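Dropping entry-v1.cif in here (mmCIF, C-alpha atoms and all ligand atoms):
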```cif
data_protein
loop_
_atom_site.label_atom_id
_atom_site.label_comp_id
_atom_site.auth_asym_id
_atom_site.auth_seq_id
_atom_site.Cartn_x
_atom_site.Cartn_y
_atom_site.Cartn_z
CA MET G 1 15.80 26.60 -37.75
CA ARG G 2 15.27 27.17 -34.06
CA SER G 3 13.24 30.08 -32.81
CA PRO G 4 14.76 32.17 -30.01
CA GLY G 5 12.09 30.70 -27.75
CA THR G 6 13.32 27.16 -28.33
CA ARG G 7 16.87 28.23 -27.60
CA THR G 8 15.85 29.77 -24.28
CA ALA G 9 13.98 26.59 -23.39
CA LEU G 10 17.01 24.49 -24.31
CA LEU G 11 19.27 26.66 -22.22
CA ARG G 12 16.90 26.37 -19.31
CA ALA G 13 16.80 22.58 -19.69
CA THR G 14 20.60 22.42 -19.75
CA ARG G 15 20.78 24.48 -16.57
CA ALA G 16 18.21 22.24 -14.89
CA LEU G 17 20.24 19.17 -15.85
CA ALA G 18 23.45 20.68 -14.47
CA LEU G 19 21.65 21.49 -11.26
CA ALA G 20 20.24 17.95 -11.02
CA ALA G 21 23.74 16.53 -11.54
CA ALA G 22 25.09 18.73 -8.75
CA VAL G 23 22.32 17.62 -6.41
CA CYS G 24 22.99 13.95 -7.21
CA ALA G 25 26.71 14.34 -6.58
CA GLY G 26 25.88 15.98 -3.28
CA SER G 27 23.65 13.18 -2.08
CA LEU G 28 26.23 10.62 -3.15
CA ALA G 29 28.87 12.34 -1.07
CA HIS G 30 26.54 12.12 1.90
CA ALA G 31 25.52 8.52 1.31
CA GLN G 32 24.83 7.13 4.75
CA VAL G 33 23.62 3.71 3.87
CA LYS G 34 25.98 0.76 3.80
CA ILE G 35 25.02 -2.53 2.11
CA GLU G 36 26.97 -5.70 2.83
CA ASN G 37 26.80 -9.40 1.95
CA ALA G 38 24.30 -8.96 -0.86
CA TRP G 39 23.37 -12.24 -2.55
CA VAL G 40 20.55 -13.75 -4.55
CA ARG G 41 19.48 -17.36 -4.47
CA GLY G 42 19.94 -18.86 -7.93
CA ALA G 43 16.82 -19.67 -9.93
CA VAL G 44 16.57 -22.48 -12.45
CA PRO G 45 14.94 -21.83 -15.85
CA GLY G 46 11.17 -21.66 -15.43
CA GLN G 47 11.37 -20.64 -11.79
CA LEU G 48 9.41 -17.45 -11.32
CA THR G 49 10.52 -16.20 -7.92
CA THR G 50 13.63 -16.09 -5.81
CA GLY G 51 14.96 -14.18 -2.83
CA ALA G 52 17.63 -11.52 -2.40
CA PHE G 53 19.41 -11.07 0.92
CA LEU G 54 21.70 -8.41 2.34
CA ASP G 55 22.68 -6.46 5.44
CA VAL G 56 21.80 -2.75 5.59
CA THR G 57 23.24 -0.21 7.99
CA SER G 58 22.03 3.37 7.91
CA GLN G 59 23.97 6.00 9.84
CA ALA G 60 20.79 7.94 10.55
CA GLU G 61 17.31 6.62 11.32
CA ALA G 62 15.66 5.77 8.01
CA LYS G 63 13.50 3.21 6.32
CA LEU G 64 13.83 1.00 3.29
CA VAL G 65 10.87 1.87 1.06
CA ARG G 66 11.56 0.29 -2.31
CA VAL G 67 13.77 -2.20 -4.09
CA GLU G 68 14.08 -2.61 -7.84
CA SER G 69 15.96 -5.04 -10.07
CA PRO G 70 16.13 -5.42 -13.84
CA VAL G 71 15.81 -9.23 -13.53
CA ALA G 72 12.34 -9.15 -11.97
CA ALA G 73 9.09 -7.51 -13.05
CA VAL G 74 7.93 -7.23 -9.44
CA VAL G 75 10.10 -6.74 -6.36
CA GLU G 76 8.62 -6.83 -2.88
CA ILE G 77 10.00 -6.51 0.62
CA HIS G 78 8.89 -9.56 2.62
CA ALA G 79 8.91 -10.60 6.23
CA SER G 80 8.94 -14.28 7.20
CA GLU G 81 7.31 -15.48 10.34
CA MET G 82 6.35 -18.74 11.98
CA LYS G 83 2.60 -19.24 12.19
CA ASN G 84 1.25 -22.43 13.73
CA GLY G 85 4.55 -24.14 13.01
CA LEU G 86 4.54 -23.04 9.37
CA MET G 87 6.92 -20.53 7.84
CA THR G 88 4.85 -17.90 6.07
CA MET G 89 5.77 -14.67 4.39
CA ARG G 90 4.01 -11.43 3.76
CA ALA G 91 4.83 -8.24 1.91
CA VAL G 92 5.66 -5.25 4.08
CA PRO G 93 5.59 -1.66 2.76
CA THR G 94 8.75 -0.53 4.56
CA VAL G 95 11.44 -1.77 6.93
CA THR G 96 12.73 0.54 9.65
CA LEU G 97 16.50 1.04 9.72
CA PRO G 98 17.47 2.24 13.21
CA ALA G 99 20.46 4.62 13.31
CA GLY G 100 23.79 2.80 13.17
CA LYS G 101 22.24 -0.62 13.58
CA GLN G 102 22.69 -3.40 11.04
CA VAL G 103 19.42 -4.82 9.74
CA ARG G 104 19.77 -8.26 8.22
CA PHE G 105 17.75 -9.52 5.29
CA ALA G 106 18.32 -13.28 5.49
CA PRO G 107 16.45 -16.54 4.86
CA GLY G 108 13.79 -16.94 7.54
CA GLY G 109 13.57 -13.20 8.20
CA TYR G 110 13.20 -10.09 6.11
CA HIS G 111 14.06 -10.71 2.49
CA ILE G 112 13.63 -9.15 -0.90
CA MET G 113 11.36 -11.16 -3.14
CA LEU G 114 12.19 -11.07 -6.83
CA MET G 115 8.98 -12.06 -8.61
CA ASP G 116 8.05 -12.68 -12.24
CA LEU G 117 11.68 -13.27 -13.13
CA LYS G 118 12.48 -12.14 -16.65
CA GLN G 119 15.48 -14.46 -17.00
CA PRO G 120 17.19 -17.35 -15.20
CA VAL G 121 19.39 -16.16 -12.34
CA LYS G 122 22.55 -18.25 -12.62
CA ASN G 123 25.24 -19.06 -10.10
CA GLY G 124 28.33 -16.91 -10.46
CA GLU G 125 26.44 -14.03 -12.03
CA SER G 126 25.55 -10.87 -10.21
CA VAL G 127 22.18 -9.20 -10.03
CA PRO G 128 21.84 -5.41 -9.77
CA LEU G 129 19.56 -4.17 -7.01
CA LYS G 130 18.52 -0.58 -6.44
CA LEU G 131 17.40 0.25 -2.93
CA THR G 132 15.48 3.40 -2.07
CA VAL G 133 15.92 4.58 1.49
CA GLU G 134 13.86 7.37 3.01
CA ALA G 135 15.39 9.49 5.77
CA ALA G 136 13.38 10.76 8.73
CA ASP G 137 12.96 14.12 6.95
CA GLY G 138 11.40 12.39 3.95
CA LYS G 139 14.44 12.74 1.71
CA ARG G 140 15.00 9.72 -0.47
CA GLU G 141 18.30 8.27 -1.51
CA THR G 142 18.99 5.33 -3.81
CA VAL G 143 21.78 2.84 -3.31
CA ASP G 144 22.92 0.50 -6.08
CA VAL G 145 24.38 -2.84 -5.20
CA LYS G 146 25.40 -5.96 -7.11
CA ALA G 147 24.23 -9.13 -5.46
CA GLN G 148 26.19 -12.33 -6.04
CA VAL G 149 24.12 -15.32 -7.19
CA ARG G 150 24.60 -18.56 -5.27
CA GLY G 151 22.82 -21.55 -3.80
CA VAL G 152 20.85 -22.62 -6.87
CA GLY G 153 17.79 -24.75 -6.75
CA THR G 154 17.40 -25.53 -3.07
CA SER G 155 13.80 -26.67 -2.60
CA GLN G 156 11.11 -24.78 -4.44
CA GLN G 157 9.90 -22.68 -1.57
CA THR G 158 6.19 -22.60 -1.14
CA HIS G 159 4.79 -19.15 -0.98
CA GLN G 160 2.09 -18.45 1.49
CA HIS G 161 1.03 -14.86 1.72
CU CU D 201 8.93 -13.90 0.21
#
```
Could you spell out this file's structure in structure tokens?
Amino acid sequence: MRSPGTRTALLRATRALALAAAVCAGSLAHAQVKIENAWVRGAVPGQLTTGAFLDVTSQAEAKLVRVESPVAAVVEIHASEMKNGLMTMRAVPTVTLPAGKQVRFAPGGYHIMLMDLKQPVKNGESVPLKLTVEAADGKRETVDVKAQVRGVGTSQQTHQH
């Protein structure tokens, strides 16, 4: 048997959920971030890291603050740069997305590093990625994208952080 108190709490929770749903629908309708050409480099069994690449265009000034994927335990945003003739990469906390300008995440530049892979990433499959973008006013929005897997097994890239 439920006490009247429990019922009130339940009712309150239901209302909160409805409100949350409404807020989510609202932010979806105002989604201002476009993702194109998302792909992930295939990883052979036993390979622990691979890269994800895509093009991001935000209508308003924003920054990419977080990327998640169910295939990797750790996901980092990396920047590649040439140092003394060597390609090195380092993790960066955020990437600025200037208003209306396409920012490319591509081999040799910014990329998304999928680390501690939980499963092989096979050609022809797609990998879900969830990007969190923070607007100038601090509001966060998530964008889900499916990245196509291709280009298996090209040289085991050395990782120098
Ligand atoms: Cu990297």
Exercise. Using all atoms listed in the file, what are the residues with an atom within 10 Å of ligand CU 201 (chain D), set out as a list in words?
Worked result: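 Protein and nucleic-acid residues within 10 Å of ligand CU 201 (chain D): Thr49, Thr50, Gly51, Ala52, Val75, Glu76, Ile77, His78, Ala79, Ser80, Thr88, Met89, Arg90, Ala91, Pro107, Gly108, Gly109, Tyr110, His111, Ile112, Met113, Leu114, Met115, Gln157, Thr158, His159, Gln160 and His161 of chain G.
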Selection file, C-alpha atoms, as an mmCIF file, in the coordinates of the input:
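Written out: out03.cif:
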```cif
data_model
loop_
_atom_site.group_PDB
_atom_site.id
_atom_site.type_symbol
_atom_site.label_atom_id
_atom_site.label_comp_id
_atom_site.auth_asym_id
_atom_site.auth_seq_id
_atom_site.Cartn_x
_atom_site.Cartn_y
_atom_site.Cartn_z
ATOM 1 C CA THR G 49 10.520 -16.200 -7.920
ATOM 2 C CA THR G 50 13.630 -16.090 -5.810
ATOM 3 C CA GLY G 51 14.960 -14.180 -2.830
ATOM 4 C CA ALA G 52 17.630 -11.520 -2.400
ATOM 5 C CA VAL G 75 10.100 -6.740 -6.360
ATOM 6 C CA GLU G 76 8.620 -6.830 -2.880
ATOM 7 C CA ILE G 77 10.000 -6.510 0.620
ATOM 8 C CA HIS G 78 8.890 -9.560 2.620
ATOM 9 C CA ALA G 79 8.910 -10.600 6.230
ATOM 10 C CA SER G 80 8.940 -14.280 7.200
ATOM 11 C CA THR G 88 4.850 -17.900 6.070
ATOM 12 C CA MET G 89 5.770 -14.670 4.390
ATOM 13 C CA ARG G 90 4.010 -11.430 3.760
ATOM 14 C CA ALA G 91 4.830 -8.240 1.910
ATOM 15 C CA PRO G 107 16.450 -16.540 4.860
ATOM 16 C CA GLY G 108 13.790 -16.940 7.540
ATOM 17 C CA GLY G 109 13.570 -13.200 8.200
ATOM 18 C CA TYR G 110 13.200 -10.090 6.110
ATOM 19 C CA HIS G 111 14.060 -10.710 2.490
ATOM 20 C CA ILE G 112 13.630 -9.150 -0.900
ATOM 21 C CA MET G 113 11.360 -11.160 -3.140
ATOM 22 C CA LEU G 114 12.190 -11.070 -6.830
ATOM 23 C CA MET G 115 8.980 -12.060 -8.610
ATOM 24 C CA GLN G 157 9.900 -22.680 -1.570
ATOM 25 C CA THR G 158 6.190 -22.600 -1.140
ATOM 26 C CA HIS G 159 4.790 -19.150 -0.980
ATOM 27 C CA GLN G 160 2.090 -18.450 1.490
ATOM 28 C CA HIS G 161 1.030 -14.860 1.720
#
```
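Across the model, the gap from atom CA of G:Val74 to atom CA of G:Val40 is 15.0 Å.
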Problem set entry | Residue list as a PyMOL selection string for point (17.9, 5.2, -0.8), cut-off 9 Å, only C-alpha atoms | chain G and resi 31+33+63-66+130-135+139-144
Near-stretch 54-61 of chain G list (9 Å; only C-alpha atoms; drop same-chain fewer than 3 positions) as a PDB file with C-alpha atoms, keeping the file's coordinate frame:
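For reference, result_28.pdb as written:
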```
ATOM      1  CA  GLN G  32      24.830   7.130   4.750  1.00  0.00           C
ATOM      2  CA  VAL G  33      23.620   3.710   3.870  1.00  0.00           C
ATOM      3  CA  LYS G  34      25.980   0.760   3.800  1.00  0.00           C
ATOM      4  CA  ILE G  35      25.020  -2.530   2.110  1.00  0.00           C
ATOM      5  CA  GLU G  36      26.970  -5.700   2.830  1.00  0.00           C
ATOM      6  CA  ASN G  37      26.800  -9.400   1.950  1.00  0.00           C
ATOM      7  CA  ALA G  38      24.300  -8.960  -0.860  1.00  0.00           C
ATOM      8  CA  TRP G  39      23.370 -12.240  -2.550  1.00  0.00           C
ATOM      9  CA  VAL G  40      20.550 -13.750  -4.550  1.00  0.00           C
ATOM     10  CA  THR G  96      12.730   0.540   9.650  1.00  0.00           C
ATOM     11  CA  LEU G  97      16.500   1.040   9.720  1.00  0.00           C
ATOM     12  CA  PRO G  98      17.470   2.240  13.210  1.00  0.00           C
ATOM     13  CA  ALA G  99      20.460   4.620  13.310  1.00  0.00           C
ATOM     14  CA  GLY G 100      23.790   2.800  13.170  1.00  0.00           C
ATOM     15  CA  LYS G 101      22.240  -0.620  13.580  1.00  0.00           C
ATOM     16  CA  GLN G 102      22.690  -3.400  11.040  1.00  0.00           C
ATOM     17  CA  VAL G 103      19.420  -4.820   9.740  1.00  0.00           C
ATOM     18  CA  ARG G 104      19.770  -8.260   8.220  1.00  0.00           C
ATOM     19  CA  PHE G 105      17.750  -9.520   5.290  1.00  0.00           C
ATOM     20  CA  ALA G 106      18.320 -13.280   5.490  1.00  0.00           C
ATOM     21  CA  HIS G 111      14.060 -10.710   2.490  1.00  0.00           C
ATOM     22  CA  ILE G 112      13.630  -9.150  -0.900  1.00  0.00           C
ATOM     23  CA  VAL G 133      15.920   4.580   1.490  1.00  0.00           C
ATOM     24  CA  ALA G 135      15.390   9.490   5.770  1.00  0.00           C
ATOM     25  CA  ALA G 136      13.380  10.760   8.730  1.00  0.00           C
ATOM     26  CA  ALA G 147      24.230  -9.130  -5.460  1.00  0.00           C
TER      27      ALA G 147
END
```
Centre and edges of the stretch 114-117 of chain G box, axis-aligned, 3 Å extra per side, as lines of an AutoDock Vina configuration file:
```
center_x = 10.1
center_y = -12.2
center_z = -10.0
size_x = 10.1
size_y = 8.2
size_z = 12.3
```
Problem set entry | Residue nearest G:Pro128 - candidates G:Met87, G:Ala62, G:Ala43, G:Val71, atoms counted: all atoms listed in the file |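 For G:Pro128, the nearest of the candidates is G:Val71.
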Problem set entry | Option closest in space to G:Glu125, from G:Val67, G:Asp137, G:Gln148, G:Ala72 [counting only C-alpha atoms] |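 For G:Glu125, the nearest of the given residues is G:Gln148.
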For this session: Quick one: pull the distance between atom CA of G:Val44 and atom CA of G:Pro120, Å, one decimal.
Result: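 Answer for the atom CA of G:Val44 to atom CA of G:Pro120 separation: 5.9 Å.
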Exercise. To one decimal place, how far is atom CA of G:Ser126 from atom CA of G:Phe53 in Å?
Worked result: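 The value is 12.7 Å.
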For this session: Identify which of the residues G:Leu48, G:Leu86, G:Leu117, G:Val95 lies closest to G:Ala73, counting only C-alpha atoms when measuring atom-to-atom distances.
Result: G:Leu117
